[in-house]
Structures are given as structure tokens and as C-alpha cells.
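Undergrad: File target12.txt below, compact mmCIF, C-alpha atoms:
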```
# COMPACT_ATOMS: atom_id res chain seq x y z
CA MET A 912 21.80 17.84 30.56
CA LYS A 913 18.89 16.55 32.60
CA ASN A 914 16.49 19.02 30.96
CA ARG A 915 17.73 18.04 27.50
CA PHE A 916 17.11 14.36 28.32
CA LYS A 917 13.57 15.19 29.46
CA THR A 918 12.97 17.11 26.22
CA TYR A 919 14.15 14.18 24.07
CA ARG A 920 12.12 11.74 26.14
CA LYS A 921 9.02 13.90 25.75
CA ARG A 922 9.51 14.13 21.98
CA ILE A 923 9.95 10.36 21.65
CA LEU A 924 6.78 9.73 23.68
CA ILE A 925 4.81 12.19 21.56
CA PHE A 926 6.05 10.53 18.36
CA LEU A 927 5.11 7.06 19.69
CA ALA A 928 1.63 8.40 20.44
CA ILE A 929 1.29 10.05 17.01
CA MET A 930 2.86 7.35 14.81
CA GLY A 931 0.67 4.89 13.00
CA PRO A 932 -1.21 6.33 9.99
CA GLY A 933 1.91 6.90 7.84
CA ILE A 934 3.71 3.66 8.72
CA ILE A 935 0.59 1.47 8.49
CA THR A 936 -0.71 2.98 5.22
CA ALA A 937 2.67 2.66 3.51
CA ASN A 938 3.32 -0.92 4.64
CA VAL A 939 -0.08 -2.19 3.51
CA ASP A 940 1.14 -1.56 -0.03
CA ASN A 941 3.42 -4.57 0.36
CA ASP A 942 0.37 -6.84 0.14
CA ALA A 943 -0.06 -10.03 -1.90
CA GLY A 944 -0.43 -8.04 -5.13
CA GLY A 945 2.57 -5.90 -4.26
CA ILE A 946 4.76 -8.86 -3.32
CA ALA A 947 3.72 -10.63 -6.53
CA THR A 948 4.59 -7.50 -8.55
CA TYR A 949 8.01 -7.08 -6.89
CA SER A 950 8.75 -10.81 -7.21
CA VAL A 951 7.86 -10.86 -10.92
CA CYS A 952 9.90 -7.66 -11.40
CA GLY A 953 13.03 -9.25 -9.91
CA ALA A 954 12.54 -12.64 -11.60
CA HIS A 955 11.82 -11.25 -15.09
CA PHE A 956 13.81 -8.00 -15.18
CA GLY A 957 16.63 -8.64 -12.71
CA TYR A 958 17.99 -5.47 -11.12
CA SER A 959 17.14 -3.25 -14.10
CA LEU A 960 14.13 -1.53 -12.48
CA LEU A 961 15.71 -0.86 -9.07
CA TRP A 962 16.43 2.76 -10.08
CA SER A 963 12.67 3.49 -10.09
CA PHE A 964 12.43 3.12 -6.30
CA ILE A 965 14.44 6.31 -5.70
CA PRO A 966 11.90 8.66 -7.36
CA ILE A 967 9.05 6.48 -6.02
CA ILE A 968 10.23 7.03 -2.41
CA PHE A 969 10.28 10.81 -2.76
CA ALA A 970 6.98 10.92 -4.66
CA LEU A 971 5.33 8.74 -1.98
CA ILE A 972 6.61 11.00 0.84
CA ILE A 973 5.29 14.14 -0.85
CA ILE A 974 1.89 12.68 -1.78
CA GLN A 975 1.21 11.11 1.64
CA GLU A 976 2.46 14.24 3.42
CA MET A 977 -0.09 16.32 1.51
CA CYS A 978 -2.86 13.99 2.71
CA SER A 979 -1.75 14.21 6.33
CA ARG A 980 -1.44 17.98 6.13
CA MET A 981 -4.97 18.33 4.71
CA ALA A 982 -6.31 16.06 7.46
CA VAL A 983 -4.62 18.01 10.25
CA VAL A 984 -5.55 21.45 8.90
CA THR A 985 -9.16 20.76 7.80
CA GLY A 986 -10.08 17.91 10.17
CA LYS A 987 -11.74 16.16 7.21
CA GLY A 988 -11.01 13.12 5.07
CA LEU A 989 -10.20 13.31 1.35
CA ALA A 990 -13.55 11.92 0.19
CA ASP A 991 -15.36 14.41 2.43
CA LEU A 992 -13.42 17.32 0.92
CA ILE A 993 -13.98 16.08 -2.65
CA ARG A 994 -17.75 15.96 -2.04
CA GLU A 995 -17.83 19.43 -0.47
CA GLU A 996 -15.61 21.11 -3.06
CA PHE A 997 -16.42 19.26 -6.32
CA GLY A 998 -19.93 17.92 -5.81
CA VAL A 999 -21.70 14.59 -5.44
CA ARG A 1000 -21.29 13.42 -9.06
CA ILE A 1001 -17.47 13.42 -9.08
CA THR A 1002 -17.49 11.88 -5.59
CA PHE A 1003 -19.87 9.11 -6.71
CA TYR A 1004 -17.73 8.11 -9.72
CA SER A 1005 -14.57 8.25 -7.60
CA MET A 1006 -16.18 5.93 -5.03
CA ILE A 1007 -17.31 3.41 -7.68
CA ILE A 1008 -13.78 3.20 -9.13
CA LEU A 1009 -12.27 2.82 -5.67
CA ILE A 1010 -14.74 0.12 -4.60
CA LEU A 1011 -14.08 -1.98 -7.72
CA ALA A 1012 -10.29 -1.59 -7.42
CA ASN A 1013 -10.29 -2.48 -3.72
CA ILE A 1014 -12.54 -5.51 -4.16
CA GLY A 1015 -9.97 -6.78 -6.68
CA ASN A 1016 -7.15 -5.99 -4.24
CA THR A 1017 -8.99 -7.74 -1.39
CA MET A 1018 -9.48 -10.84 -3.55
CA ALA A 1019 -5.77 -10.77 -4.35
CA ASN A 1020 -4.93 -10.70 -0.64
CA PHE A 1021 -7.21 -13.60 0.23
CA ALA A 1022 -5.57 -15.39 -2.71
CA GLY A 1023 -2.26 -14.64 -0.97
CA ILE A 1024 -3.59 -16.19 2.26
CA ALA A 1025 -4.69 -19.28 0.31
CA ALA A 1026 -1.28 -19.51 -1.38
CA SER A 1027 0.56 -19.24 1.95
CA ALA A 1028 -1.65 -22.05 3.33
CA GLN A 1029 -0.48 -24.30 0.49
CA LEU A 1030 3.14 -23.30 1.14
CA PHE A 1031 2.79 -24.35 4.79
CA GLY A 1032 0.89 -27.52 3.84
CA ILE A 1033 -2.38 -26.64 5.58
CA SER A 1034 -5.98 -26.40 4.38
CA LYS A 1035 -6.53 -23.44 2.05
CA SER A 1036 -10.27 -23.18 2.82
CA LEU A 1037 -9.74 -23.37 6.58
CA LEU A 1038 -7.08 -20.63 6.66
CA VAL A 1039 -9.08 -18.31 4.37
CA ILE A 1040 -12.23 -18.68 6.51
CA LEU A 1041 -10.35 -18.24 9.81
CA SER A 1042 -8.53 -15.19 8.43
CA ALA A 1043 -11.76 -13.61 7.19
CA VAL A 1044 -13.39 -14.12 10.60
CA PHE A 1045 -10.31 -12.74 12.38
CA VAL A 1046 -10.08 -9.50 10.37
CA TRP A 1047 -13.84 -8.99 10.66
CA PHE A 1048 -13.84 -9.37 14.47
CA LEU A 1049 -10.67 -7.29 14.81
CA VAL A 1050 -12.41 -4.19 13.48
CA LEU A 1051 -15.95 -4.96 14.65
CA LYS A 1052 -14.99 -5.54 18.29
CA GLY A 1053 -11.91 -3.32 18.56
CA THR A 1054 -11.25 0.38 19.09
CA TYR A 1055 -9.05 2.52 16.85
CA LYS A 1056 -6.16 2.26 19.34
CA SER A 1057 -6.34 -1.53 19.67
CA VAL A 1058 -6.68 -2.07 15.92
CA GLU A 1059 -3.78 0.28 15.23
CA LYS A 1060 -1.54 -1.62 17.68
CA VAL A 1061 -2.25 -4.91 15.87
CA PHE A 1062 -1.45 -3.28 12.53
CA LEU A 1063 1.81 -1.79 13.84
CA VAL A 1064 2.93 -5.22 15.10
CA ALA A 1065 2.10 -6.68 11.66
CA CYS A 1066 4.46 -4.09 10.10
CA LEU A 1067 7.38 -5.62 12.03
CA PHE A 1068 7.02 -8.93 10.18
CA TYR A 1069 8.15 -7.36 6.90
CA VAL A 1070 11.69 -7.76 8.20
CA THR A 1071 11.47 -11.38 6.92
CA TYR A 1072 12.08 -10.11 3.37
CA ILE A 1073 15.12 -8.10 4.45
CA ILE A 1074 16.57 -11.19 6.16
CA SER A 1075 15.94 -13.16 2.95
CA GLY A 1076 17.92 -10.53 1.03
CA PHE A 1077 21.03 -11.22 3.10
CA ILE A 1078 20.54 -15.00 2.98
CA VAL A 1079 20.81 -15.12 -0.84
CA LYS A 1080 24.05 -13.05 -0.82
CA PRO A 1081 23.48 -10.88 -3.93
CA ASP A 1082 26.22 -8.92 -5.67
CA TRP A 1083 25.71 -5.63 -3.82
CA ASN A 1084 27.95 -3.74 -6.25
CA GLU A 1085 25.64 -4.76 -9.07
CA VAL A 1086 22.61 -3.78 -6.99
CA VAL A 1087 23.99 -0.30 -6.28
CA ALA A 1088 25.03 0.18 -9.92
CA ASN A 1089 21.46 -0.49 -11.09
CA VAL A 1090 20.04 1.90 -8.50
CA VAL A 1091 22.23 4.85 -9.51
CA LYS A 1092 22.47 4.14 -13.27
CA PRO A 1093 18.98 3.75 -14.77
CA LYS A 1094 18.50 1.38 -17.72
CA ILE A 1095 15.30 2.72 -19.21
CA GLU A 1096 13.40 0.91 -21.97
CA PHE A 1097 10.13 1.67 -23.73
CA SER A 1098 9.13 -1.90 -24.54
CA ARG A 1099 5.60 -2.96 -23.57
CA PRO A 1100 6.65 -5.42 -20.79
CA TYR A 1101 9.07 -2.89 -19.26
CA VAL A 1102 6.52 -0.02 -19.24
CA PHE A 1103 3.77 -2.38 -17.98
CA MET A 1104 5.99 -3.43 -15.06
CA LEU A 1105 7.07 0.16 -14.33
CA ILE A 1106 3.44 1.30 -14.11
CA GLY A 1107 2.72 -1.72 -11.90
CA LEU A 1108 5.59 -0.81 -9.54
CA ILE A 1109 4.35 2.76 -9.20
CA GLY A 1110 0.71 1.69 -8.91
CA THR A 1111 1.39 -0.88 -6.19
CA THR A 1112 3.62 1.51 -4.19
CA ILE A 1113 1.53 4.69 -4.56
CA ALA A 1114 -1.98 3.23 -4.80
CA PRO A 1115 -5.04 5.54 -5.01
CA TRP A 1116 -6.70 4.03 -1.91
CA MET A 1117 -3.69 5.09 0.22
CA GLN A 1118 -4.47 8.78 0.01
CA PHE A 1119 -8.04 8.23 1.21
CA TYR A 1120 -7.07 5.90 4.06
CA GLN A 1121 -4.11 7.99 5.24
CA GLN A 1122 -6.21 11.13 5.51
CA ALA A 1123 -9.12 9.33 7.19
CA SER A 1124 -6.88 7.66 9.77
CA VAL A 1125 -5.16 10.97 10.67
CA VAL A 1126 -8.60 12.54 11.15
CA GLU A 1127 -9.79 9.65 13.34
CA LYS A 1128 -6.62 9.88 15.44
CA ASP A 1129 -7.40 13.59 15.92
CA ILE A 1130 -3.82 14.82 15.37
CA LYS A 1131 -3.45 18.57 15.93
CA ILE A 1132 -1.31 21.10 14.05
CA LYS A 1133 1.04 21.55 17.02
CA ASP A 1134 2.02 17.86 16.69
CA TYR A 1135 2.14 17.79 12.90
CA ALA A 1136 5.97 17.54 12.73
CA TYR A 1137 5.71 14.10 14.36
CA ASN A 1138 3.03 13.02 11.92
CA ARG A 1139 5.27 14.12 9.01
CA LEU A 1140 8.08 11.98 10.46
CA ASP A 1141 5.62 9.05 10.61
CA VAL A 1142 4.95 9.51 6.86
CA ILE A 1143 8.66 9.71 6.01
CA ILE A 1144 9.57 6.58 8.00
CA GLY A 1145 6.68 4.62 6.46
CA SER A 1146 7.63 5.66 2.93
CA PHE A 1147 11.26 4.60 3.36
CA VAL A 1148 10.46 1.30 5.10
CA VAL A 1149 7.92 0.12 2.52
CA ASN A 1150 10.32 0.78 -0.34
CA ILE A 1151 13.31 -0.82 1.41
CA VAL A 1152 11.24 -4.00 1.84
CA ALA A 1153 10.17 -3.82 -1.83
CA ILE A 1154 13.79 -3.40 -2.95
CA PHE A 1155 14.83 -6.47 -0.97
CA ILE A 1156 12.04 -8.57 -2.55
CA VAL A 1157 13.24 -7.52 -6.02
CA VAL A 1158 16.88 -8.21 -5.05
CA VAL A 1159 16.11 -11.69 -3.68
CA CYS A 1160 14.25 -12.73 -6.84
CA ALA A 1161 16.80 -11.10 -9.17
CA ALA A 1162 19.78 -12.71 -7.42
CA THR A 1163 18.25 -16.19 -7.58
CA LEU A 1164 15.39 -16.62 -10.06
CA PHE A 1165 16.53 -14.15 -12.74
CA LYS A 1166 20.09 -15.51 -12.63
CA SER A 1167 18.71 -19.05 -13.05
CA GLY A 1168 16.29 -18.07 -15.85
CA ILE A 1169 13.22 -19.03 -13.80
CA ARG A 1170 10.03 -17.13 -14.65
CA ILE A 1171 7.23 -16.90 -12.10
CA GLU A 1172 3.65 -15.69 -11.94
CA THR A 1173 2.92 -15.16 -8.22
CA ALA A 1174 4.55 -14.54 -4.85
CA SER A 1175 3.93 -18.18 -3.91
CA ASP A 1176 5.72 -19.27 -7.10
CA ALA A 1177 8.65 -17.15 -5.92
CA ALA A 1178 8.77 -18.93 -2.54
CA ILE A 1179 8.62 -22.38 -4.18
CA ALA A 1180 11.31 -21.49 -6.73
CA LEU A 1181 13.57 -20.06 -4.01
CA ARG A 1182 13.60 -23.28 -1.98
CA PRO A 1183 16.18 -25.22 -4.05
CA LEU A 1184 18.16 -22.04 -4.84
CA ALA A 1185 18.27 -20.24 -1.51
CA GLY A 1186 17.40 -22.92 1.01
CA ASN A 1187 14.54 -23.81 3.35
CA TYR A 1188 14.95 -20.73 5.58
CA CYS A 1189 14.45 -18.35 2.67
CA TYR A 1190 11.41 -20.36 1.54
CA LEU A 1191 9.82 -20.21 5.01
CA LEU A 1192 10.57 -16.49 5.39
CA PHE A 1193 8.93 -15.74 2.04
CA ALA A 1194 5.92 -17.90 2.96
CA ALA A 1195 5.54 -16.24 6.39
CA GLY A 1196 5.96 -12.79 4.85
CA LEU A 1197 3.28 -13.54 2.25
CA PHE A 1198 0.76 -14.66 4.91
CA ASN A 1199 1.42 -11.65 7.15
CA ALA A 1200 1.21 -9.18 4.25
CA SER A 1201 -1.98 -10.75 2.88
CA LEU A 1202 -3.74 -10.85 6.26
CA PHE A 1203 -2.64 -7.29 7.06
CA ALA A 1204 -3.91 -5.90 3.75
CA ALA A 1205 -7.11 -8.00 3.86
CA SER A 1206 -7.93 -5.97 6.99
CA ILE A 1207 -6.86 -2.54 5.77
CA LEU A 1208 -8.24 -2.48 2.20
CA PRO A 1209 -11.90 -3.15 3.14
CA LEU A 1210 -11.46 -0.72 6.05
CA SER A 1211 -10.04 1.92 3.70
CA THR A 1212 -12.97 1.45 1.32
CA ALA A 1213 -15.52 1.72 4.13
CA TYR A 1214 -13.89 4.92 5.42
CA THR A 1215 -13.75 6.48 1.97
CA VAL A 1216 -17.27 5.63 0.79
CA CYS A 1217 -18.91 6.65 4.08
CA GLU A 1218 -16.98 9.91 4.06
CA GLY A 1219 -17.95 10.57 0.47
CA MET A 1220 -21.63 9.83 1.13
CA GLY A 1221 -21.74 11.68 4.45
CA TRP A 1222 -22.50 8.56 6.54
CA GLU A 1223 -21.29 7.86 10.08
CA LEU A 1224 -17.97 6.04 10.17
CA GLY A 1225 -15.08 4.95 12.37
CA VAL A 1226 -13.73 1.96 14.26
CA ASN A 1227 -14.51 3.71 17.55
CA LYS A 1228 -18.23 3.64 16.74
CA LYS A 1229 -20.57 0.71 17.44
CA PHE A 1230 -22.32 -1.22 14.64
CA ARG A 1231 -25.67 0.48 15.37
CA GLU A 1232 -24.00 3.91 15.25
CA ALA A 1233 -22.33 3.36 11.84
CA PRO A 1234 -24.22 0.51 10.10
CA GLN A 1235 -23.22 1.48 6.54
CA PHE A 1236 -19.55 1.60 7.55
CA TYR A 1237 -19.58 -1.89 9.08
CA TRP A 1238 -21.82 -3.45 6.42
CA LEU A 1239 -19.57 -2.23 3.62
CA TYR A 1240 -16.48 -3.50 5.46
CA SER A 1241 -18.18 -6.88 6.02
CA VAL A 1242 -19.45 -7.31 2.45
CA ILE A 1243 -16.02 -6.61 0.89
CA ILE A 1244 -14.41 -9.20 3.20
CA ILE A 1245 -17.11 -11.76 2.36
CA ILE A 1246 -16.73 -11.18 -1.41
CA GLY A 1247 -12.93 -11.31 -1.21
CA ALA A 1248 -12.87 -14.54 0.79
CA ALA A 1249 -15.78 -16.28 -0.99
CA PHE A 1250 -14.28 -15.98 -4.47
CA ILE A 1251 -11.05 -17.62 -3.33
CA LEU A 1252 -13.02 -20.67 -2.16
CA ILE A 1253 -14.35 -21.26 -5.72
CA PRO A 1254 -12.35 -24.12 -7.28
CA ASN A 1255 -9.94 -23.43 -10.16
CA ILE A 1256 -10.09 -19.62 -9.87
CA ASN A 1257 -6.85 -18.09 -11.14
CA PHE A 1258 -6.07 -14.70 -9.63
CA VAL A 1259 -2.60 -14.26 -11.12
CA LYS A 1260 -3.72 -11.75 -13.73
CA ILE A 1261 -6.04 -10.00 -11.28
CA MET A 1262 -3.06 -9.37 -8.97
CA LEU A 1263 -0.85 -7.78 -11.62
CA VAL A 1264 -3.58 -6.03 -13.62
CA THR A 1265 -5.01 -4.50 -10.41
CA GLN A 1266 -1.64 -2.95 -9.60
CA VAL A 1267 -1.34 -1.54 -13.13
CA ALA A 1268 -4.92 -0.21 -12.85
CA ASN A 1269 -3.88 1.53 -9.62
CA GLY A 1270 -1.08 3.28 -11.53
CA ILE A 1271 -3.43 4.34 -14.32
CA LEU A 1272 -6.04 5.70 -11.85
CA LEU A 1273 -3.49 7.49 -9.64
CA PRO A 1274 -3.35 10.75 -11.70
CA PHE A 1275 -7.09 11.32 -11.28
CA VAL A 1276 -6.86 11.15 -7.47
CA LEU A 1277 -3.70 13.30 -7.43
CA ILE A 1278 -5.31 16.02 -9.57
CA LEU A 1279 -8.23 16.30 -7.12
CA MET A 1280 -5.78 16.34 -4.19
CA LEU A 1281 -3.65 19.07 -5.75
CA LEU A 1282 -6.66 21.26 -6.45
CA LEU A 1283 -7.71 20.89 -2.80
CA VAL A 1284 -4.32 21.33 -1.12
CA ASN A 1285 -3.69 24.56 -3.08
CA LYS A 1286 -6.94 26.23 -1.96
CA LYS A 1287 -5.97 29.03 0.44
CA ARG A 1288 -9.56 29.09 1.72
CA LEU A 1289 -9.09 25.52 2.99
CA MET A 1290 -5.40 25.36 3.83
CA GLY A 1291 -4.38 28.95 4.62
CA GLU A 1292 -0.64 29.13 5.26
CA TYR A 1293 -0.41 25.33 4.96
CA ALA A 1294 -1.22 25.30 1.23
CA ASN A 1295 1.32 23.60 -1.05
CA SER A 1296 4.69 25.15 -1.77
CA ALA A 1297 5.93 25.52 -5.35
CA PHE A 1298 8.35 22.61 -4.79
CA TYR A 1299 5.54 20.26 -3.73
CA ASN A 1300 3.43 21.31 -6.71
CA VAL A 1301 6.26 20.73 -9.21
CA ILE A 1302 6.99 17.22 -7.89
CA SER A 1303 3.30 16.26 -7.68
CA TRP A 1304 2.42 17.50 -11.16
CA PHE A 1305 5.50 15.73 -12.50
CA VAL A 1306 4.14 12.44 -11.08
CA VAL A 1307 0.74 13.13 -12.67
CA VAL A 1308 2.23 13.89 -16.09
CA ALA A 1309 4.67 10.94 -15.90
CA MET A 1310 1.87 8.46 -15.09
CA ILE A 1311 -0.33 9.79 -17.91
CA LEU A 1312 2.56 9.55 -20.41
CA LEU A 1313 3.45 6.01 -19.28
CA THR A 1314 -0.21 5.00 -19.67
CA ILE A 1315 -0.33 6.47 -23.18
CA ILE A 1316 2.90 4.64 -24.11
CA LEU A 1317 1.44 1.39 -22.77
CA LEU A 1318 -1.85 1.83 -24.67
CA PHE A 1319 -0.09 2.70 -27.94
CA SER A 1320 2.09 -0.42 -27.58
CA TYR A 1321 -1.03 -2.53 -28.17
CA PHE A 1322 -1.69 -0.97 -31.59
```
Once you've parsed the file, please lay out its structure as C-alpha cells.
TA:
Amino acid sequence: MKNRFKTYRKRILIFLAIMGPGIITANVDNDAGGIATYSVCGAHFGYSLLWSFIPIIFALIIIQEMCSRMAVVTGKGLADLIREEFGVRITFYSMIILILANIGNTMANFAGIAASAQLFGISKSLLVILSAVFVWFLVLKGTYKSVEKVFLVACLFYVTYIISGFIVKPDWNEVVANVVKPKIEFSRPYVFMLIGLIGTTIAPWMQFYQQASVVEKDIKIKDYAYNRLDVIIGSFVVNIVAIFIVVVCAATLFKSGIRIETASDAAIALRPLAGNYCYLLFAAGLFNASLFAASILPLSTAYTVCEGMGWELGVNKKFREAPQFYWLYSVIIIIGAAFILIPNINFVKIMLVTQVANGILLPFVLILMLLLVNKKRLMGEYANSAFYNVISWFVVVAMILLTIILLFSYF
């Protein structure tokens, strides 16, 4: 009995040491753009799209697990492998697309910080500037371990949306019915929102950041089972939070016929319907999510581009050791924060369109990943199984078909 207890204790300690990349990467997806997407989904479509989270959870687990497995087996990030296996040209175009998408996402998150400032009745400019300085210093002056601890604590604050879900007292029978009985449409708004849900939950930047963070943490094959568990927990948690955001907005705003444009609109509209506590929880959740993602997205971009270009990178390195890494991180933060300070800038469409763009770009990243993870020369016995390939290619084909349907709806 004593030996069994020691074994369990050892396993728990190993998991606590390993956990981080999967949970952090997944939870960043519930950023300002993600919260806006889920809020609009619930307010405009009610519970009708809840069914999509079931396949999204399993697709996210499989895709992020492939990234972690490649990182552990090869010891290299995704951008690094793309450059080595497919050449500089494909890597260059991939980096350009990722930079543009992540600048838009970073702007959206600083817009979320500005919106949360207004919800709390404090200066928008002051909070945006202080937040930009904070996330810059966090990475510039921290080590990987210290930065990761801050990010893991930030993940805990997503519980505010789950609490909100119980405060509004939805009809849980109706919720479950919509999860298990899909109501699929092929109208333009429905397909647009479905692509947005997939794009905001399985964003292209995630694969690059997940793999880079596993490499930087130097996780070995003998401990890979714990890393896989980290991926699974992160994938479930992020989608549970997303489901609760949809449920809150569906149970209140959709039922009352209130249409919204942003996550801050959702908080304001919830106040008279669900009370002050729900309003404050939504506001606090929006600030935490926006600040969290405003740190991770520029960091993800810096990791990916420096990997792809063969430059020095990593939070554990000093500025003089990895100047390109830190300059790129800094410039993206400055651009993201500066644009929010321009008067009368409306980022509503940027938030939603960026998430849809993520969904449209996802197949291109997945195709490159699948070609890599199936190379026996790289992966050996850890190459993809037939099951993983079937699920992954199904996601690729589904996203391409949804994109085609969306494009044809405009003609």
C-alpha cells in the first residue's frame, strides 16, 4: 500500500512538472476574439451550434497531440521542421500569413483589454498601456518557468465563465438536447459562424506555439504520457469554458432577442438579465483572457518566425542572445496596443473575421503537419496511426468544404 502511494505521488509530481504547454496553448484560444465569437454564437444562434464542440474537442486533442509528439521525438519546433523538409520559400509564406493573422489577433486582445477597462469604469488608455508594459516585462525579464507559472495561474480565472453559466440557470435539458442532436444548416451566417468556432478553437498559431513550448521545456519520450495528458486536459477545459459562454448568452440574450457585436456588449446586455455578479464575472473574464492572449500571441509569433528563419529564440535567453526574438515580440505588442489608442477604431469585424480567417488557413498548416508526422525518417515508430490520419484528413477536408460553401454563398 505504501509503495503504491509512493508510485501515485511520483506520477502526480512528474505530471505537475510536465504540465503547461497543452493547458496554456488551449486556454489562450479563449481570448477576446474567441469570447466575442462564442458570445455572438450564443446570442444569435442560441444552443443550435453546441453540437459542434463535440467533434471540435476530439479534433483539437488529436491535432495538438501530433504537435507534442513531433516536438518530443524530433526536439524541433514545427516551423523548424517545415524549413528543413519543405524549403525556405514555403516557410517564408507560412510565416508572413502567421504574422499578419497574429497581429490582428493581438489587436483584438488589446481591444478586449480596452473594453474591459470601460466595463470597470477606468481609463482605457491607461489600462492598455499598463497591460502592454506588463506583458513585455513578463517575458523580457522572466525565465520560461516563471512565465509558465504566471500563464497557468491565468488559466484558473476562466472558471468565471463556468460560474456565470450556473448563475443564469439555463434549461439544461435543452442544452443537452442540442449537444446530442445536431441542427445543421447551410445558410451563410450559420456556416460563417461554424468556421469561426472551429478557427477560434483550433487556430493555426496553436500548433506552432505548442510544439515550440514542448521543445523549450525539453520533455523527453519517457515522460511523453504525461505530456499527452496535459494536451487532453487543456483541450477539454478550453471547450467546456467555450460551451458555458455560449450557454450563458443563449439562455439570456438569445431568449430576449438581443443581438450583440462584442464580448463587452455581452457583459453589458447580461447586467439587467442576469444581475451584477454575472456582469462582473464576464468583465473580469474578458480582461484576464485578453491580457493572457496579448502575452502568448506575440510570443507564439516570435517563436515561430525565429524557428522558421533559424534565429536564436527562447524566453530563457537574454535580449543580446536572441535580439530578433525579443524585437519581434516587442514590435507586435507595440502595434497591437498602439492601434487601440487611436480614437474611433472599430475592431468588431477584425475580431470575428480574424477567427474565420484562422479556420480558412487551418487546412494549410494541418497538411504540412500531416506530411511531417507521417515521415518514418523523422518519427520512426512514433509516426501517425491510421486512426489519427483519418481524423486529421477529415478535419482538413471539412474545413476546405465549409470554406467553399461560404465563398459560394456570396455569389
Undergrad: With only C-alpha atoms as the atoms that count, which of A:Gln1118, A:Ser1124, A:Thr1071, A:Asn1300 lies nearest to Leu1191 of chain A?
TA: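 Once distances to Leu1191 of chain A are computed over only C-alpha atoms, the minimum belongs to A:Thr1071.
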Undergrad: Pick the closest to Phe1003 of chain A from A:Lys1131, A:Lys1035, A:Thr1215, A:Trp1047: which is it, counting only C-alpha atoms?
TA: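 For Phe1003 of chain A, the nearest of the given residues is A:Thr1215.
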Undergrad: One number please: atom CA of Thr1314 of chain A to atom CA of Ala1012 of chain A, in Å, one decimal.
TA: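 The value is 17.2 Å.
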Undergrad: What does the distance from atom CA of Ile1024 of chain A to atom CA of Val1079 of chain A come to in Å, to one decimal?
TA: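 Here the two named atoms are 24.6 Å from each other.
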Undergrad: Using all atoms listed in the file, which residues sit within 9 Å of Tyr1072 of chain A once same-chain residues fewer than 3 positions away are excluded, as a VMD selection string?
TA: chain A and resid 1068 to 1069 1075 to 1076 1152 to 1153 1155 to 1156 1159 1189 1192 to 1193 1196
Undergrad: For segment 984-995 of chain A, please output as a ChimeraX atom specification all residues within 10 Å (counting all atoms listed in the file; exclusion window: fewer than 2 positions along the same chain).
TA: /A:978-982,997-1003,1005-1006,1118-1127,1129-1132,1135,1214-1221,1276,1279-1280,1282-1283,1289-1294
